[in-house]
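Undergrad: If you scroll down you'll find the structure; I have some questions about it.
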Amino acid sequence: MRRIISIHIASKAVKDGMRLYASSQCFAAVCSFNIAISVGDERSRATLAWMLMVGCEGVPKDFVRAHQLVQIGADKGCPDCMGVLAFYYYNIYYEIFHTYHQKNFGVMACLLNSLGLETYEQLEPQRPLLFKKSMDLASKSAAERSKYGEYLLGRSKGERKGGELVRSAAAKGLDAAQYEVGCWCFQTKRRKQDYPRALHYFHLAAAQGYLDAMEKISIAHRDGLGTPKNSVEAKKWYKRAQEGGADYL
């Protein structure tokens, strides 16, 4: 009986979380995913960890917490968790590099500790190993048709060789993949830009609180790319990205 109740609670929490996430109510979505995780839903670990790694509207990045969440699911063989863990290994070097140059040494120490390292100087020799771990996990995840593994594996190969994988992840609703496809349409040397199509994908990603997509939408309105120039809309999207937590604006 308890198991049936737990399954029901997890199912409702996952549905609520995905609905809130898809409508950019990211903070509320986090609460729902935490409930689902508490009753054993492993895929919610992946979704929440992903949100914490990429950072989305109203939810700051937290690589340490994300790693703790997703490692448990990956150890249990969850393909989505393996894909998000691959993303962690792919990006952790750059996160530590960023915190080092921002002199955010407390966060840097926590990130290093998640890799079993004590000093920044120990990081560089680990870089090839981190990349290998990332690609191994991404390959396993993509083989199980996880959108996270497909995205990372496809992105690492570039549009020509990995475009099909990234587009598959975008079709499955992954915000970063939607943003990536939008960028291919927005700025490309291989074919003519398709700004309306780019904006379509940017809006899909922005609907899930993806901050980089909001910045691109702002630029499109500012410069009239795929849409008439509109300084009011440009400022609105810029402000939304800034207030949502984009630290590069």
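Ordered as shown in the structure tokens, chains take letters A, B, and onward, while each chain numbers its residues from 1 and ligands are numbered from 1 in the order shown.
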Run DSSP on the backbone of this structure and report the residues of range 2-61 of chain A it assigns to alpha helix (DSSP H), as a PyMOL selection string.
TA: chain A and resi 2-22+26-38+42-54
Undergrad: Please save C-alpha atoms of the selected residues as a PDB file, in the first residue's frame.
TA:
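The resulting file, again.pdb, is shown below:
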```pdb
ATOM      1  CA  ARG A   2       2.809   2.402   0.898  1.00  0.00           C
ATOM      2  CA  ARG A   3       4.498   1.689  -2.420  1.00  0.00           C
ATOM      3  CA  ILE A   4       1.300   2.497  -4.333  1.00  0.00           C
ATOM      4  CA  ILE A   5       0.941   5.776  -2.425  1.00  0.00           C
ATOM      5  CA  SER A   6       4.607   6.662  -3.102  1.00  0.00           C
ATOM      6  CA  ILE A   7       4.213   5.973  -6.817  1.00  0.00           C
ATOM      7  CA  HIS A   8       1.114   8.170  -6.913  1.00  0.00           C
ATOM      8  CA  ILE A   9       2.879  11.006  -5.061  1.00  0.00           C
ATOM      9  CA  ALA A  10       5.952  10.753  -7.317  1.00  0.00           C
ATOM     10  CA  SER A  11       3.840  10.718 -10.480  1.00  0.00           C
ATOM     11  CA  LYS A  12       1.891  13.818  -9.444  1.00  0.00           C
ATOM     12  CA  ALA A  13       5.034  15.652  -8.337  1.00  0.00           C
ATOM     13  CA  VAL A  14       6.812  14.876 -11.619  1.00  0.00           C
ATOM     14  CA  LYS A  15       3.829  16.076 -13.680  1.00  0.00           C
ATOM     15  CA  ASP A  16       3.565  19.251 -11.600  1.00  0.00           C
ATOM     16  CA  GLY A  17       7.314  19.827 -11.846  1.00  0.00           C
ATOM     17  CA  MET A  18       7.429  19.414 -15.624  1.00  0.00           C
ATOM     18  CA  ARG A  19       4.387  21.649 -16.081  1.00  0.00           C
ATOM     19  CA  LEU A  20       5.935  24.392 -13.931  1.00  0.00           C
ATOM     20  CA  TYR A  21       9.337  24.003 -15.578  1.00  0.00           C
ATOM     21  CA  ALA A  22       7.807  24.243 -19.062  1.00  0.00           C
ATOM     22  CA  CYS A  26      11.449  27.182 -12.196  1.00  0.00           C
ATOM     23  CA  PHE A  27      11.616  27.752  -8.447  1.00  0.00           C
ATOM     24  CA  ALA A  28       8.228  26.086  -7.936  1.00  0.00           C
ATOM     25  CA  ALA A  29       9.341  23.260 -10.237  1.00  0.00           C
ATOM     26  CA  VAL A  30      12.357  22.645  -7.994  1.00  0.00           C
ATOM     27  CA  CYS A  31      10.030  22.076  -5.032  1.00  0.00           C
ATOM     28  CA  SER A  32       7.972  19.523  -6.988  1.00  0.00           C
ATOM     29  CA  PHE A  33      11.066  17.652  -8.177  1.00  0.00           C
ATOM     30  CA  ASN A  34      12.393  17.507  -4.617  1.00  0.00           C
ATOM     31  CA  ILE A  35       9.147  15.834  -3.553  1.00  0.00           C
ATOM     32  CA  ALA A  36       9.445  13.312  -6.386  1.00  0.00           C
ATOM     33  CA  ILE A  37      13.056  12.566  -5.447  1.00  0.00           C
ATOM     34  CA  SER A  38      12.102  12.029  -1.798  1.00  0.00           C
ATOM     35  CA  GLU A  42      15.353   8.870 -10.259  1.00  0.00           C
ATOM     36  CA  ARG A  43      14.548  10.830 -13.416  1.00  0.00           C
ATOM     37  CA  SER A  44      13.591  13.806 -11.273  1.00  0.00           C
ATOM     38  CA  ARG A  45      17.142  13.728  -9.931  1.00  0.00           C
ATOM     39  CA  ALA A  46      18.360  14.266 -13.474  1.00  0.00           C
ATOM     40  CA  THR A  47      15.917  17.096 -14.193  1.00  0.00           C
ATOM     41  CA  LEU A  48      16.673  18.945 -10.976  1.00  0.00           C
ATOM     42  CA  ALA A  49      20.429  18.439 -11.319  1.00  0.00           C
ATOM     43  CA  TRP A  50      20.228  19.741 -14.887  1.00  0.00           C
ATOM     44  CA  MET A  51      18.423  22.881 -13.738  1.00  0.00           C
ATOM     45  CA  LEU A  52      21.068  23.462 -11.081  1.00  0.00           C
ATOM     46  CA  MET A  53      23.930  22.970 -13.550  1.00  0.00           C
ATOM     47  CA  VAL A  54      22.731  25.180 -16.385  1.00  0.00           C
TER      48      VAL A  54
END
```
Undergrad: Each residue of range 53-103 of chain A lying at most 12 Å from range 207-223 of chain A should get a row with its shortest atom-to-atom pair and the distance in Å to one decimal, counting only C-alpha atoms; could you produce that, ordered by chain and increasing number, as CSV?
TA:
```
residue,atom,partner,partner_atom,distance
A:Met53,CA,A:Tyr210,CA,11.6
A:Val54,CA,A:Tyr210,CA,8.1
A:Gly55,CA,A:Tyr210,CA,7.5
A:Cys56,CA,A:Gly209,CA,4.9
A:Glu57,CA,A:Gly209,CA,4.5
A:Gly58,CA,A:Gly209,CA,8.1
A:Val59,CA,A:Gly209,CA,9.0
A:Pro60,CA,A:Leu211,CA,10.9
A:Lys61,CA,A:Leu211,CA,11.7
```
Undergrad: Write the selection just made, keeping N, CA and C atoms, as an mmCIF file, in the first residue's frame?
TA:
```
data_model
loop_
_atom_site.group_PDB
_atom_site.id
_atom_site.type_symbol
_atom_site.label_atom_id
_atom_site.label_comp_id
_atom_site.auth_asym_id
_atom_site.auth_seq_id
_atom_site.Cartn_x
_atom_site.Cartn_y
_atom_site.Cartn_z
ATOM 1 N N MET A 53 22.665 22.835 -12.820
ATOM 2 C CA MET A 53 23.930 22.970 -13.550
ATOM 3 C C MET A 53 23.888 24.070 -14.594
ATOM 4 N N VAL A 54 22.784 24.162 -15.332
ATOM 5 C CA VAL A 54 22.731 25.180 -16.385
ATOM 6 C C VAL A 54 22.309 26.534 -15.818
ATOM 7 N N GLY A 55 21.623 26.510 -14.667
ATOM 8 C CA GLY A 55 21.096 27.746 -14.116
ATOM 9 C C GLY A 55 19.901 28.192 -14.938
ATOM 10 N N CYS A 56 18.775 28.422 -14.332
ATOM 11 C CA CYS A 56 17.598 28.872 -15.066
ATOM 12 C C CYS A 56 16.917 29.976 -14.260
ATOM 13 N N GLU A 57 15.907 30.553 -14.849
ATOM 14 C CA GLU A 57 15.292 31.747 -14.285
ATOM 15 C C GLU A 57 14.873 31.545 -12.824
ATOM 16 N N GLY A 58 15.501 32.304 -11.941
ATOM 17 C CA GLY A 58 15.167 32.240 -10.522
ATOM 18 C C GLY A 58 15.812 31.096 -9.762
ATOM 19 N N VAL A 59 16.617 30.277 -10.434
ATOM 20 C CA VAL A 59 17.291 29.148 -9.776
ATOM 21 C C VAL A 59 18.793 29.242 -10.076
ATOM 22 N N PRO A 60 19.595 29.708 -9.113
ATOM 23 C CA PRO A 60 21.031 29.877 -9.365
ATOM 24 C C PRO A 60 21.734 28.537 -9.576
ATOM 25 N N LYS A 61 22.870 28.603 -10.259
ATOM 26 C CA LYS A 61 23.683 27.409 -10.452
ATOM 27 C C LYS A 61 24.181 26.877 -9.113
#
```
Undergrad: Which is closer to Leu130 in chain A than all the others in A:Asn113, A:Asn91, A:Gln187, A:Ser146, using only C-alpha atoms?
TA: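 Among A:Asn113, A:Asn91, A:Gln187, A:Ser146, it is A:Asn91 that comes nearest to Leu130 in chain A.
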Undergrad: Quick one, how far is CA of Gln25 in chain A from CA of Ser231 in chain A?
TA: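 Result for CA of Gln25 in chain A versus CA of Ser231 in chain A: 25.4 Å, one decimal.
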Undergrad: Measuring between only C-alpha atoms, which one of A:Leu225, A:Lys76, A:Lys172, A:Tyr90 shows the shortest distance to Leu137 in chain A?
TA: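 The shortest atom-to-atom distance to Leu137 in chain A comes from A:Tyr90.
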Undergrad: Need the shell around range 194-206 of chain A: protein/DNA/RNA residues with any atom at most 6 Å away, counting only C-alpha atoms. Skip same-chain ones fewer than 5 positions apart. Format as a compact mmCIF listing (two decimals) with C-alpha atoms, in the first residue's frame?
TA:
```txt
# COMPACT_ATOMS: atom_id res chain seq x y z
CA ASP A 175 16.22 23.64 -23.33
CA GLN A 178 16.74 23.97 -28.36
CA TYR A 179 19.06 26.89 -27.74
CA GLY A 182 18.54 28.16 -32.50
CA CYS A 185 20.10 29.06 -37.40
CA PHE A 186 21.04 32.42 -35.90
CA ALA A 213 17.94 32.16 -24.96
CA MET A 214 16.39 35.26 -23.39
CA LEU A 225 16.63 39.87 -36.74
CA GLY A 226 13.66 37.70 -37.69
```
Undergrad: Would you work out the distance separating CA of Ser168 in chain A from CA of Asp41 in chain A, expressed in Å to one decimal?
TA: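 Taking CA of Ser168 in chain A and CA of Asp41 in chain A, their separation equals 23.8 Å.
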Undergrad: Please determine, counting only C-alpha atoms, which residue among A:Ser114, A:Ala86, A:Glu180, A:Pro79 has the shortest atom-to-atom distance to Arg65 in chain A.
TA: A:Ser114
Undergrad: Quick one: of A:Gln242, A:Thr227, A:Ser134, A:Asn104, who's nearest to Gly83 in chain A, counting only C-alpha atoms?
TA: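 Closest to Gly83 in chain A, using only C-alpha atoms: A:Ser134.
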Undergrad: Would you work out the distance separating CA of Gln122 in chain A from CA of Ile92 in chain A, expressed in Å to one decimal?
TA: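 A separation of 13.4 Å between them.
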